[in-house]
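A short worksheet on the structure shown next.
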Amino acid sequence: MIQLTRDPIDHAALTELVRKPGCGAVVTFLGTVRDLTGNEETVALEYEAYPAMAEQMMATIADELRDRWPVAGVALVHRLGRLDVGEVSVAVAVSTPHRPDAFAACRYAIDRLKEVVPIWKKDIGPAGNQEWIHPDASATN
Amino acid sequence: MIQLTRDPIDHAALTELVRKPGCGAVVTFLGTVRDLTGNEETVALEYEAYPAMAEQMMATIADELRDRWPVAGVALVHRLGRLDVGEVSVAVAVSTPHRPDAFAACRYAIDRLKEVVPIWKKDIGPAGNQEWIHPDASATN
Amino acid sequence: MILQVQLFARVRELIGDECCSLELSTGSTVATIRSALGSRYPQAKDLIARSAVAVNCEFAANERVVDDVDEIAVIPPVSGGGR
Amino acid sequence: MILQVQLFARVRELIGDECCSLELSTGSTVATIRSALGSRYPQAKDLIARSAVAVNCEFAANERVVDDVDEIAVIPPVSGGGR
């Protein structure tokens, strides 16, 4: 399942969706809105996407997962719009027969998603200050 | 949260439990009952524990996580009794500020749990055949 | 030919529109698009230099020749995921 | 002194009880317990040799001296988690 959504992400449903009788392991990653980055306070994030390309690249990542690991189920969902601190912005759920593959595939999916999928966030601070996040190629995000 | 339970594991509640405003990453691992191990078919697993020691060692693992990573929330729950194929036998949920730590800590927790916590499973096959699983030290499980 | 270019995030805000039209000669490439945008919108030039360009929803090299049926977008450095 | 030893999983089934009593002399160790169990229950000897022994809910070395107030358990190789 690949989805961009403006509604809260139902991560429990995604985890259920990828569970299969042939799979002994499910790993679910949630990226949430953190209140502090260094000393900078965030009160909300606003996410924007290039939807057609984002969904296409998320589907490509799911295909890469299936090529590289014995993945039975995979779900990649990203939320768009304004999110408050603590809300879930992205969820990745993966099931495989054995646990090392589930961890590796889930980690790969979120790493790739953050590298290549055309989605951007704007950081909104306590004084109403706003800043689009466009990391340098060298920066870790 | 550390728990042994005979009831189905509410993994969504565990994931919610570990979410914190200071944490940008949550990783949840579910170990489920797989139908095949090699060519051997499993119809159910029966889990037994030495409860006092198992809970103490699960608490020790949670302490190790907090020592090694900036863990804000951790939940380790293992189910006991008879489980059918597809049911969740173990759940580990961990939250940290950044995602590499959440993956590393969650992986460490389930690896340690399988190595040292006194819980055992009996494999129940389609012909009613039953076998306790007591792996050799050299075997990967 | 007239190309429509989709704009996102800070590039969109610096240019002040979700989309802009460029009149380019046939045989133009992604590199032509970059320099046309940079000349017309100097305020966005540095960020465009750090951005990718997508043609038909795929990242495209500077040498890629474009046509007016192609879907073109400027993709500034992405930042999806949690924070 | 009389020690109560808790038994689990296949060790429990081979011995046929969740618990057994051993009469040992004062100053006995984990190694003494192992050899007493192995002699009394030869059917479980090999698995006990592959098992750990816990004293008061902690894994204990063979040299560990035990007392009749200690909580003793045989811990065959563990297999918790999914499958």
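Ordering of the structure tokens sets the chain letters (A, B, ...), residue numbers begin anew at 1 in every chain, and ligands are numbered from 1 in the order given.
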Checklist entry - Within 10 Å of chain A, which residues of chain D show up when using only C-alpha atoms, listed as a PyMOL selection string? => result chain D and resi 81-83
Now that the selection is made, can you save its residues with all heavy atoms as a PDB file, in the first residue's frame?
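So the final result, stored in result.pdb, reads:
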```
ATOM      1  N   GLY D  81      10.153 -15.455  21.432  1.00  0.00           N
ATOM      2  CA  GLY D  81      10.088 -14.663  20.196  1.00  0.00           C
ATOM      3  C   GLY D  81       9.253 -15.355  19.142  1.00  0.00           C
ATOM      4  O   GLY D  81       8.695 -16.428  19.374  1.00  0.00           O
ATOM      5  N   GLY D  82       9.191 -14.718  17.986  1.00  0.00           N
ATOM      6  CA  GLY D  82       8.349 -15.245  16.911  1.00  0.00           C
ATOM      7  C   GLY D  82       8.958 -16.470  16.286  1.00  0.00           C
ATOM      8  O   GLY D  82       9.986 -16.975  16.716  1.00  0.00           O
ATOM      9  N   ARG D  83       8.323 -16.960  15.248  1.00  0.00           N
ATOM     10  CA  ARG D  83       8.820 -18.146  14.567  1.00  0.00           C
ATOM     11  C   ARG D  83       8.168 -18.177  13.212  1.00  0.00           C
ATOM     12  O   ARG D  83       6.965 -18.334  13.157  1.00  0.00           O
ATOM     13  CB  ARG D  83       8.458 -19.389  15.366  1.00  0.00           C
ATOM     14  CG  ARG D  83       8.649 -20.690  14.634  1.00  0.00           C
ATOM     15  CD  ARG D  83      10.108 -20.916  14.390  1.00  0.00           C
ATOM     16  NE  ARG D  83      10.341 -22.224  13.845  1.00  0.00           N
ATOM     17  CZ  ARG D  83      10.547 -23.346  14.560  1.00  0.00           C
ATOM     18  NH1 ARG D  83      10.528 -23.307  15.861  1.00  0.00           N
ATOM     19  NH2 ARG D  83      10.802 -24.487  13.963  1.00  0.00           N
TER      20      ARG D  83
END
```
Which residues of chain B have any atom within 7 Å of an atom in chain A when counting only C-alpha atoms, and what is the closest pair of atoms for each, with the distance in Å to one decimal? Order the rows by chain and rising number and write it as a Markdown table.
```
| residue | atom | partner | partner_atom | distance |
| --- | --- | --- | --- | --- |
| B:Ala12 | CA | A:Ala12 | CA | 5.2 |
| B:Lys20 | CA | A:Gly86 | CA | 6.4 |
| B:Pro21 | CA | A:Gly86 | CA | 4.8 |
| B:Gly22 | CA | A:Arg34 | CA | 5.2 |
| B:Cys23 | CA | A:Arg34 | CA | 5.4 |
| B:Gly24 | CA | A:Thr32 | CA | 4.6 |
| B:Ala25 | CA | A:Gly31 | CA | 4.8 |
| B:Val26 | CA | A:Leu30 | CA | 5.0 |
| B:Val27 | CA | A:Phe29 | CA | 4.6 |
| B:Thr28 | CA | A:Thr28 | CA | 5.1 |
| B:Phe29 | CA | A:Val27 | CA | 4.6 |
| B:Leu30 | CA | A:Val26 | CA | 5.0 |
| B:Gly31 | CA | A:Ala25 | CA | 4.8 |
| B:Thr32 | CA | A:Gly24 | CA | 4.6 |
| B:Val33 | CA | A:Gly24 | CA | 5.7 |
| B:Arg34 | CA | A:Gly24 | CA | 4.8 |
| B:Asp35 | CA | A:Gly22 | CA | 5.5 |
| B:Leu36 | CA | A:Gly22 | CA | 6.6 |
| B:Val85 | CA | A:Pro21 | CA | 6.0 |
| B:Gly86 | CA | A:Pro21 | CA | 4.8 |
```
Taking all heavy atoms for each residue, export the selection above as a compact mmCIF listing (two decimals), in the first residue's frame.
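Once everything was written out, this is part.txt:
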```txt
# COMPACT_ATOMS: atom_id res chain seq x y z
N ALA B 12 -0.81 -1.84 18.81
CA ALA B 12 -1.06 -0.42 18.55
C ALA B 12 -0.97 0.39 19.84
O ALA B 12 -0.42 1.49 19.86
CB ALA B 12 -2.44 -0.26 17.91
N LYS B 20 6.47 10.11 22.16
CA LYS B 20 6.71 11.27 23.02
C LYS B 20 6.99 12.47 22.13
O LYS B 20 7.57 12.31 21.05
CB LYS B 20 7.95 11.05 23.91
CG LYS B 20 8.04 9.71 24.60
CD LYS B 20 7.25 9.66 25.88
CE LYS B 20 7.25 8.22 26.39
NZ LYS B 20 6.52 8.04 27.63
N PRO B 21 6.68 13.67 22.60
CA PRO B 21 6.94 14.88 21.78
C PRO B 21 8.41 15.06 21.45
O PRO B 21 8.74 15.62 20.41
CB PRO B 21 6.45 16.02 22.68
CG PRO B 21 5.50 15.39 23.63
CD PRO B 21 5.97 13.99 23.85
N GLY B 22 9.31 14.58 22.30
CA GLY B 22 10.74 14.75 22.04
C GLY B 22 11.31 13.73 21.10
O GLY B 22 12.50 13.77 20.78
N CYS B 23 10.49 12.82 20.62
CA CYS B 23 10.99 11.70 19.81
C CYS B 23 10.47 11.76 18.40
O CYS B 23 9.26 11.76 18.17
CB CYS B 23 10.59 10.39 20.46
SG CYS B 23 11.69 10.04 21.83
N GLY B 24 11.38 11.79 17.42
CA GLY B 24 10.97 11.81 16.04
C GLY B 24 10.81 10.44 15.41
O GLY B 24 10.41 10.33 14.26
N ALA B 25 11.15 9.39 16.15
CA ALA B 25 11.19 8.05 15.55
C ALA B 25 10.65 7.01 16.51
O ALA B 25 11.00 6.98 17.68
CB ALA B 25 12.62 7.69 15.17
N VAL B 26 9.79 6.14 15.99
CA VAL B 26 9.29 4.99 16.75
C VAL B 26 9.48 3.76 15.86
O VAL B 26 9.07 3.78 14.69
CB VAL B 26 7.79 5.13 17.08
CG1 VAL B 26 7.30 3.91 17.86
CG2 VAL B 26 7.52 6.41 17.86
N VAL B 27 10.12 2.73 16.39
CA VAL B 27 10.20 1.46 15.67
C VAL B 27 9.52 0.39 16.52
O VAL B 27 9.80 0.26 17.71
CB VAL B 27 11.66 1.07 15.35
CG1 VAL B 27 11.72 -0.35 14.77
CG2 VAL B 27 12.26 2.06 14.35
N THR B 28 8.61 -0.33 15.88
CA THR B 28 7.89 -1.42 16.55
C THR B 28 8.19 -2.72 15.83
O THR B 28 8.06 -2.79 14.60
CB THR B 28 6.37 -1.15 16.52
OG1 THR B 28 6.12 0.09 17.18
CG2 THR B 28 5.61 -2.25 17.24
N PHE B 29 8.62 -3.71 16.58
CA PHE B 29 8.84 -5.05 16.02
C PHE B 29 7.77 -5.99 16.54
O PHE B 29 7.47 -5.99 17.73
CB PHE B 29 10.22 -5.60 16.43
CG PHE B 29 10.39 -7.05 16.06
CD1 PHE B 29 10.74 -7.41 14.78
CD2 PHE B 29 10.15 -8.05 16.99
CE1 PHE B 29 10.87 -8.74 14.41
CE2 PHE B 29 10.27 -9.40 16.64
CZ PHE B 29 10.64 -9.74 15.34
N LEU B 30 7.19 -6.78 15.63
CA LEU B 30 6.28 -7.86 16.03
C LEU B 30 6.86 -9.18 15.56
O LEU B 30 7.20 -9.33 14.38
CB LEU B 30 4.90 -7.69 15.39
CG LEU B 30 4.15 -6.38 15.63
CD1 LEU B 30 2.78 -6.46 14.96
CD2 LEU B 30 4.02 -6.09 17.11
N GLY B 31 6.97 -10.12 16.48
CA GLY B 31 7.28 -11.50 16.10
C GLY B 31 5.98 -12.26 16.06
O GLY B 31 5.20 -12.23 17.02
N THR B 32 5.71 -12.91 14.93
CA THR B 32 4.44 -13.61 14.78
C THR B 32 4.69 -15.09 14.49
O THR B 32 5.82 -15.49 14.18
CB THR B 32 3.61 -12.98 13.65
OG1 THR B 32 4.32 -13.11 12.42
CG2 THR B 32 3.36 -11.50 13.91
N VAL B 33 3.65 -15.88 14.60
CA VAL B 33 3.76 -17.33 14.40
C VAL B 33 3.71 -17.62 12.91
O VAL B 33 2.69 -17.39 12.27
CB VAL B 33 2.64 -18.07 15.15
CG1 VAL B 33 2.76 -19.58 14.90
CG2 VAL B 33 2.69 -17.76 16.64
N ARG B 34 4.83 -18.11 12.39
CA ARG B 34 4.96 -18.38 10.96
C ARG B 34 4.49 -19.80 10.66
O ARG B 34 4.67 -20.71 11.47
CB ARG B 34 6.44 -18.25 10.61
CG ARG B 34 6.73 -17.92 9.17
CD ARG B 34 8.21 -17.63 9.00
NE ARG B 34 9.01 -18.78 9.34
CZ ARG B 34 10.12 -18.75 10.06
NH1 ARG B 34 10.57 -17.61 10.54
NH2 ARG B 34 10.79 -19.84 10.34
N ASP B 35 3.92 -19.99 9.48
CA ASP B 35 3.36 -21.31 9.16
C ASP B 35 4.41 -22.34 8.75
O ASP B 35 4.20 -23.53 8.91
CB ASP B 35 2.27 -21.20 8.08
CG ASP B 35 2.73 -20.48 6.83
OD1 ASP B 35 3.92 -20.06 6.76
OD2 ASP B 35 1.92 -20.31 5.91
N LEU B 36 5.54 -21.90 8.19
CA LEU B 36 6.56 -22.84 7.70
C LEU B 36 7.93 -22.48 8.25
O LEU B 36 8.31 -21.32 8.31
CB LEU B 36 6.65 -22.80 6.17
CG LEU B 36 5.51 -23.45 5.37
CD1 LEU B 36 5.76 -23.26 3.87
CD2 LEU B 36 5.39 -24.93 5.70
N VAL B 85 -1.16 -19.80 14.06
CA VAL B 85 -0.38 -19.15 13.00
C VAL B 85 -0.91 -17.73 12.78
O VAL B 85 -2.12 -17.51 12.73
CB VAL B 85 -0.47 -19.96 11.70
CG1 VAL B 85 0.04 -19.16 10.50
CG2 VAL B 85 0.32 -21.26 11.84
N GLY B 86 0.02 -16.79 12.66
CA GLY B 86 -0.36 -15.40 12.40
C GLY B 86 -0.48 -14.56 13.65
O GLY B 86 -0.45 -13.33 13.57
```
Checklist entry - Leaving out stretch 22-26 of chain D and any residue of its chain fewer than 6 positions from it, which residues lie within 9 Å of it when counting only C-alpha atoms, given as a VMD selection string? => result chain D and resid 1 to 5 32 to 33 36 to 37 65 to 68
May I have the residues from that selection written out with N, CA and C atoms, as a short mmCIF file (atom, residue, chain, number, x, y, z; two decimals), in the first residue's frame?
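Below you can see selection_18.cif, which holds the result:
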```cif
data_model
loop_
_atom_site.label_atom_id
_atom_site.label_comp_id
_atom_site.auth_asym_id
_atom_site.auth_seq_id
_atom_site.Cartn_x
_atom_site.Cartn_y
_atom_site.Cartn_z
N MET D 1 21.03 -30.10 53.42
CA MET D 1 19.94 -29.15 53.16
C MET D 1 19.12 -29.66 51.98
N ILE D 2 17.85 -29.21 51.94
CA ILE D 2 16.96 -29.61 50.85
C ILE D 2 16.77 -28.41 49.92
N LEU D 3 17.07 -28.63 48.64
CA LEU D 3 16.88 -27.56 47.65
C LEU D 3 15.70 -27.91 46.75
N GLN D 4 14.89 -26.90 46.45
CA GLN D 4 13.83 -27.06 45.46
C GLN D 4 14.34 -26.51 44.13
N VAL D 5 14.21 -27.28 43.07
CA VAL D 5 14.69 -26.85 41.75
C VAL D 5 13.50 -26.78 40.79
N THR D 32 27.24 -29.06 41.62
CA THR D 32 26.69 -30.18 42.40
C THR D 32 25.24 -30.46 41.98
N ILE D 33 24.48 -29.39 41.80
CA ILE D 33 23.08 -29.55 41.39
C ILE D 33 23.00 -30.24 40.03
N ALA D 36 23.82 -33.92 40.40
CA ALA D 36 22.77 -34.64 41.13
C ALA D 36 21.56 -34.87 40.23
N LEU D 37 21.18 -33.83 39.48
CA LEU D 37 20.03 -33.98 38.57
C LEU D 37 20.34 -35.00 37.47
N VAL D 65 28.09 -21.06 44.98
CA VAL D 65 27.61 -21.82 46.14
C VAL D 65 26.16 -21.47 46.39
N VAL D 66 25.35 -22.48 46.67
CA VAL D 66 23.91 -22.25 46.87
C VAL D 66 23.49 -22.61 48.29
N ASP D 67 22.35 -22.04 48.64
CA ASP D 67 21.83 -22.20 49.99
C ASP D 67 20.36 -22.56 49.88
N ASP D 68 19.78 -23.10 50.94
CA ASP D 68 18.39 -23.55 50.80
C ASP D 68 17.37 -22.41 50.75
#
```
Next on the checklist: Please extract the residues of chain A with a backbone DSSP assignment of strand (DSSP E) and present them as a PyMOL selection string.
Outcome noted: chain A and resi 2-5+25-32+36-37+40-41+44-49+73-79+81-84+88-96+119-124+130-132
Prev. selection, N, CA and C atoms, output as a compact mmCIF listing (two decimals), in the first residue's frame:
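Once written, out.txt looks like this:
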```txt
# COMPACT_ATOMS: atom_id res chain seq x y z
N ILE A 2 0.58 2.13 -0.95
CA ILE A 2 1.32 3.38 -1.11
C ILE A 2 0.29 4.50 -1.03
N GLN A 3 0.55 5.48 -0.18
CA GLN A 3 -0.46 6.52 -0.04
C GLN A 3 0.12 7.84 0.47
N LEU A 4 -0.41 8.92 -0.11
CA LEU A 4 -0.24 10.26 0.47
C LEU A 4 -1.60 10.63 1.05
N THR A 5 -1.62 11.21 2.23
CA THR A 5 -2.91 11.49 2.85
C THR A 5 -2.85 12.77 3.67
N ALA A 25 7.99 -11.89 11.07
CA ALA A 25 8.50 -10.61 11.55
C ALA A 25 7.82 -9.44 10.85
N VAL A 26 7.42 -8.48 11.64
CA VAL A 26 6.88 -7.22 11.11
C VAL A 26 7.64 -6.09 11.79
N VAL A 27 8.18 -5.16 11.01
CA VAL A 27 8.78 -3.96 11.58
C VAL A 27 8.03 -2.75 11.04
N THR A 28 7.61 -1.90 11.97
CA THR A 28 6.89 -0.67 11.62
C THR A 28 7.70 0.52 12.10
N PHE A 29 7.95 1.45 11.19
CA PHE A 29 8.62 2.70 11.56
C PHE A 29 7.62 3.84 11.49
N LEU A 30 7.63 4.69 12.52
CA LEU A 30 6.85 5.93 12.48
C LEU A 30 7.80 7.10 12.62
N GLY A 31 7.70 8.04 11.71
CA GLY A 31 8.39 9.32 11.87
C GLY A 31 7.37 10.31 12.40
N THR A 32 7.72 10.97 13.51
CA THR A 32 6.77 11.88 14.15
C THR A 32 7.38 13.28 14.24
N LEU A 36 11.96 19.54 19.40
CA LEU A 36 13.24 20.27 19.39
C LEU A 36 14.18 19.70 18.34
N THR A 37 14.88 20.60 17.62
CA THR A 37 15.98 20.21 16.74
C THR A 37 17.16 21.05 17.19
N GLU A 40 16.41 24.59 18.59
CA GLU A 40 15.30 25.23 17.87
C GLU A 40 13.99 24.52 18.19
N GLU A 41 13.02 25.32 18.61
CA GLU A 41 11.73 24.73 18.94
C GLU A 41 10.81 24.71 17.73
N ALA A 44 5.00 23.15 14.81
CA ALA A 44 4.28 22.39 13.79
C ALA A 44 5.17 22.24 12.57
N LEU A 45 4.82 21.28 11.72
CA LEU A 45 5.48 21.15 10.42
C LEU A 45 4.38 21.15 9.36
N GLU A 46 4.74 21.73 8.21
CA GLU A 46 3.78 21.69 7.12
C GLU A 46 4.42 20.95 5.95
N TYR A 47 3.76 19.89 5.51
CA TYR A 47 4.31 19.04 4.45
C TYR A 47 3.62 19.32 3.13
N GLU A 48 4.46 19.38 2.08
CA GLU A 48 3.97 19.57 0.71
C GLU A 48 4.61 18.48 -0.14
N ALA A 49 3.91 18.03 -1.16
CA ALA A 49 4.45 17.01 -2.05
C ALA A 49 4.21 17.38 -3.50
N GLY A 73 4.70 -8.21 2.69
CA GLY A 73 3.80 -7.06 2.73
C GLY A 73 4.59 -5.80 3.00
N VAL A 74 4.21 -4.72 2.32
CA VAL A 74 4.87 -3.44 2.56
C VAL A 74 3.84 -2.32 2.44
N ALA A 75 3.91 -1.36 3.35
CA ALA A 75 3.03 -0.19 3.32
C ALA A 75 3.89 1.05 3.55
N LEU A 76 3.71 2.04 2.68
CA LEU A 76 4.43 3.32 2.78
C LEU A 76 3.39 4.42 2.71
N VAL A 77 3.24 5.17 3.79
CA VAL A 77 2.24 6.23 3.81
C VAL A 77 2.88 7.51 4.35
N HIS A 78 2.66 8.62 3.64
CA HIS A 78 3.18 9.91 4.10
C HIS A 78 2.02 10.89 4.22
N ARG A 79 2.04 11.65 5.31
CA ARG A 79 0.99 12.62 5.51
C ARG A 79 1.41 13.98 4.96
N GLY A 81 0.21 18.39 4.64
CA GLY A 81 -0.51 19.44 5.37
C GLY A 81 0.17 19.75 6.69
N ARG A 82 -0.56 20.45 7.54
CA ARG A 82 0.03 20.91 8.81
C ARG A 82 -0.11 19.85 9.90
N LEU A 83 1.02 19.54 10.56
CA LEU A 83 1.04 18.55 11.63
C LEU A 83 1.59 19.17 12.90
N ASP A 84 0.93 18.90 14.01
CA ASP A 84 1.42 19.38 15.30
C ASP A 84 2.48 18.45 15.86
N VAL A 88 2.13 11.79 13.54
CA VAL A 88 2.89 10.89 12.68
C VAL A 88 2.92 11.45 11.26
N SER A 89 4.11 11.73 10.75
CA SER A 89 4.21 12.25 9.38
C SER A 89 4.44 11.14 8.36
N VAL A 90 5.08 10.05 8.77
CA VAL A 90 5.35 8.97 7.81
C VAL A 90 5.30 7.65 8.55
N ALA A 91 4.80 6.64 7.87
CA ALA A 91 4.78 5.28 8.43
C ALA A 91 5.23 4.30 7.37
N VAL A 92 6.09 3.37 7.79
CA VAL A 92 6.56 2.29 6.91
C VAL A 92 6.36 0.98 7.67
N ALA A 93 5.65 0.05 7.08
CA ALA A 93 5.47 -1.26 7.70
C ALA A 93 5.89 -2.33 6.70
N VAL A 94 6.68 -3.30 7.18
CA VAL A 94 7.24 -4.34 6.31
C VAL A 94 7.14 -5.68 7.03
N SER A 95 6.74 -6.73 6.31
CA SER A 95 6.77 -8.07 6.89
C SER A 95 7.64 -8.98 6.04
N THR A 96 8.39 -9.85 6.73
CA THR A 96 9.26 -10.83 6.07
C THR A 96 9.23 -12.11 6.91
N ILE A 119 8.92 15.30 -1.34
CA ILE A 119 8.08 15.82 -0.26
C ILE A 119 8.97 16.77 0.52
N TRP A 120 8.36 17.87 0.97
CA TRP A 120 9.13 18.90 1.68
C TRP A 120 8.38 19.30 2.93
N LYS A 121 9.17 19.73 3.94
CA LYS A 121 8.52 20.22 5.15
C LYS A 121 8.97 21.64 5.45
N LYS A 122 8.02 22.38 5.98
CA LYS A 122 8.27 23.74 6.45
C LYS A 122 8.16 23.72 7.96
N ASP A 123 9.23 24.20 8.60
CA ASP A 123 9.28 24.23 10.06
C ASP A 123 8.60 25.51 10.55
N ILE A 124 7.67 25.37 11.48
CA ILE A 124 6.97 26.52 12.02
C ILE A 124 7.33 26.65 13.50
N GLN A 130 8.81 30.78 9.98
CA GLN A 130 8.62 29.63 9.10
C GLN A 130 9.86 29.45 8.24
N GLU A 131 10.26 28.19 8.06
CA GLU A 131 11.43 27.94 7.22
C GLU A 131 11.27 26.61 6.49
N TRP A 132 11.35 26.67 5.15
CA TRP A 132 11.38 25.43 4.37
C TRP A 132 12.70 24.71 4.63
```
Checklist entry - Separation of atom CA of D:Ser39 and atom CA of D:Val69, in Å? => result 23.4 Å
Next on the checklist: Let's see if you can do this: from backbone DSSP, list all alpha helix (DSSP H) residues in stretch 30-112 of chain B, as a PyMOL selection string.
Outcome noted: chain B and resi 51-68+99-112
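Residues in contact range of D:Cys19, defined as at most 10 Å between only C-alpha atoms, with sequence neighbours fewer than 4 positions away removed, read Gln4, Val5, Gln6, Leu7, Phe8, Arg12, Ile15, Ile72, Ala73 and Val74 of chain D.
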Output for the residues just chosen: all heavy atoms as a CSV table (one decimal), in the first residue's frame:
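Saved the output as result-v4.csv:
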```
chain,number,residue,atom,x,y,z
D,4,GLN,N,14.9,-26.9,46.5
D,4,GLN,CA,13.8,-27.1,45.5
D,4,GLN,C,14.3,-26.5,44.1
D,4,GLN,O,14.8,-25.4,44.1
D,4,GLN,CB,12.6,-26.3,45.9
D,4,GLN,CG,12.0,-26.7,47.2
D,4,GLN,CD,11.4,-28.1,47.2
D,4,GLN,OE1,11.0,-28.6,46.2
D,4,GLN,NE2,11.5,-28.8,48.3
D,5,VAL,N,14.2,-27.3,43.1
D,5,VAL,CA,14.7,-26.9,41.8
D,5,VAL,C,13.5,-26.8,40.8
D,5,VAL,O,12.8,-27.8,40.6
D,5,VAL,CB,15.8,-27.8,41.2
D,5,VAL,CG1,16.2,-27.4,39.8
D,5,VAL,CG2,16.9,-27.9,42.2
D,6,GLN,N,13.3,-25.6,40.2
D,6,GLN,CA,12.2,-25.5,39.2
D,6,GLN,C,12.6,-25.9,37.9
D,6,GLN,O,13.8,-25.7,37.4
D,6,GLN,CB,11.8,-24.0,39.2
D,6,GLN,CG,11.2,-23.5,40.5
D,6,GLN,CD,10.7,-22.0,40.3
D,6,GLN,OE1,9.8,-21.8,39.5
D,6,GLN,NE2,11.3,-21.1,41.1
D,7,LEU,N,11.7,-26.5,37.2
D,7,LEU,CA,12.0,-27.2,35.9
D,7,LEU,C,11.0,-26.6,34.8
D,7,LEU,O,9.8,-26.4,35.1
D,7,LEU,CB,11.8,-28.7,36.0
D,7,LEU,CG,12.6,-29.3,37.1
D,7,LEU,CD1,12.1,-30.8,37.3
D,7,LEU,CD2,14.1,-29.2,36.9
D,8,PHE,N,11.5,-26.5,33.6
D,8,PHE,CA,10.7,-25.9,32.5
D,8,PHE,C,10.9,-26.6,31.2
D,8,PHE,O,11.9,-27.3,30.9
D,8,PHE,CB,11.1,-24.4,32.3
D,8,PHE,CG,10.9,-23.5,33.5
D,8,PHE,CD1,11.9,-23.2,34.4
D,8,PHE,CD2,9.6,-23.0,33.8
D,8,PHE,CE1,11.7,-22.5,35.5
D,8,PHE,CE2,9.3,-22.3,34.9
D,8,PHE,CZ,10.4,-22.0,35.8
D,12,ARG,N,11.3,-30.1,32.1
D,12,ARG,CA,10.1,-30.4,32.9
D,12,ARG,C,9.4,-31.7,32.4
D,12,ARG,O,9.1,-32.6,33.2
D,12,ARG,CB,9.2,-29.2,32.8
D,12,ARG,CG,7.8,-29.5,33.5
D,12,ARG,CD,7.0,-28.2,33.6
D,12,ARG,NE,6.7,-27.6,32.2
D,12,ARG,CZ,5.9,-28.2,31.3
D,12,ARG,NH1,5.3,-29.3,31.6
D,12,ARG,NH2,5.7,-27.6,30.2
D,15,ILE,N,11.5,-34.9,33.0
D,15,ILE,CA,11.6,-35.3,34.4
D,15,ILE,C,10.2,-35.6,35.0
D,15,ILE,O,10.0,-36.4,35.9
D,15,ILE,CB,12.3,-34.2,35.3
D,15,ILE,CG1,13.8,-34.2,34.9
D,15,ILE,CG2,12.1,-34.4,36.7
D,15,ILE,CD1,14.7,-33.2,35.6
D,72,ILE,N,16.1,-21.7,42.8
D,72,ILE,CA,17.0,-22.4,41.8
D,72,ILE,C,16.1,-22.9,40.7
D,72,ILE,O,15.0,-23.3,40.9
D,72,ILE,CB,17.6,-23.7,42.4
D,72,ILE,CG1,18.2,-23.4,43.8
D,72,ILE,CG2,18.7,-24.3,41.5
D,72,ILE,CD1,19.5,-22.7,43.8
D,73,ALA,N,16.6,-22.7,39.4
D,73,ALA,CA,15.9,-23.2,38.3
D,73,ALA,C,16.8,-23.7,37.2
D,73,ALA,O,17.9,-23.1,37.0
D,73,ALA,CB,15.0,-22.1,37.7
D,74,VAL,N,16.4,-24.7,36.5
D,74,VAL,CA,17.2,-25.1,35.3
D,74,VAL,C,16.5,-24.4,34.1
D,74,VAL,O,15.3,-24.4,33.9
D,74,VAL,CB,17.0,-26.7,35.1
D,74,VAL,CG1,17.8,-27.1,33.8
D,74,VAL,CG2,17.6,-27.4,36.3
```
Item to check | Between atom CA of A:Asp101 and atom CA of A:Arg68 - distance in Å to one decimal | outcome: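 Answer for the atom CA of A:Arg68 to atom CA of A:Asp101 separation: 9.3 Å.
One distance worth recording is that between atom CA of B:Lys114 and atom CA of D:Val78, which is 7.0 Å.
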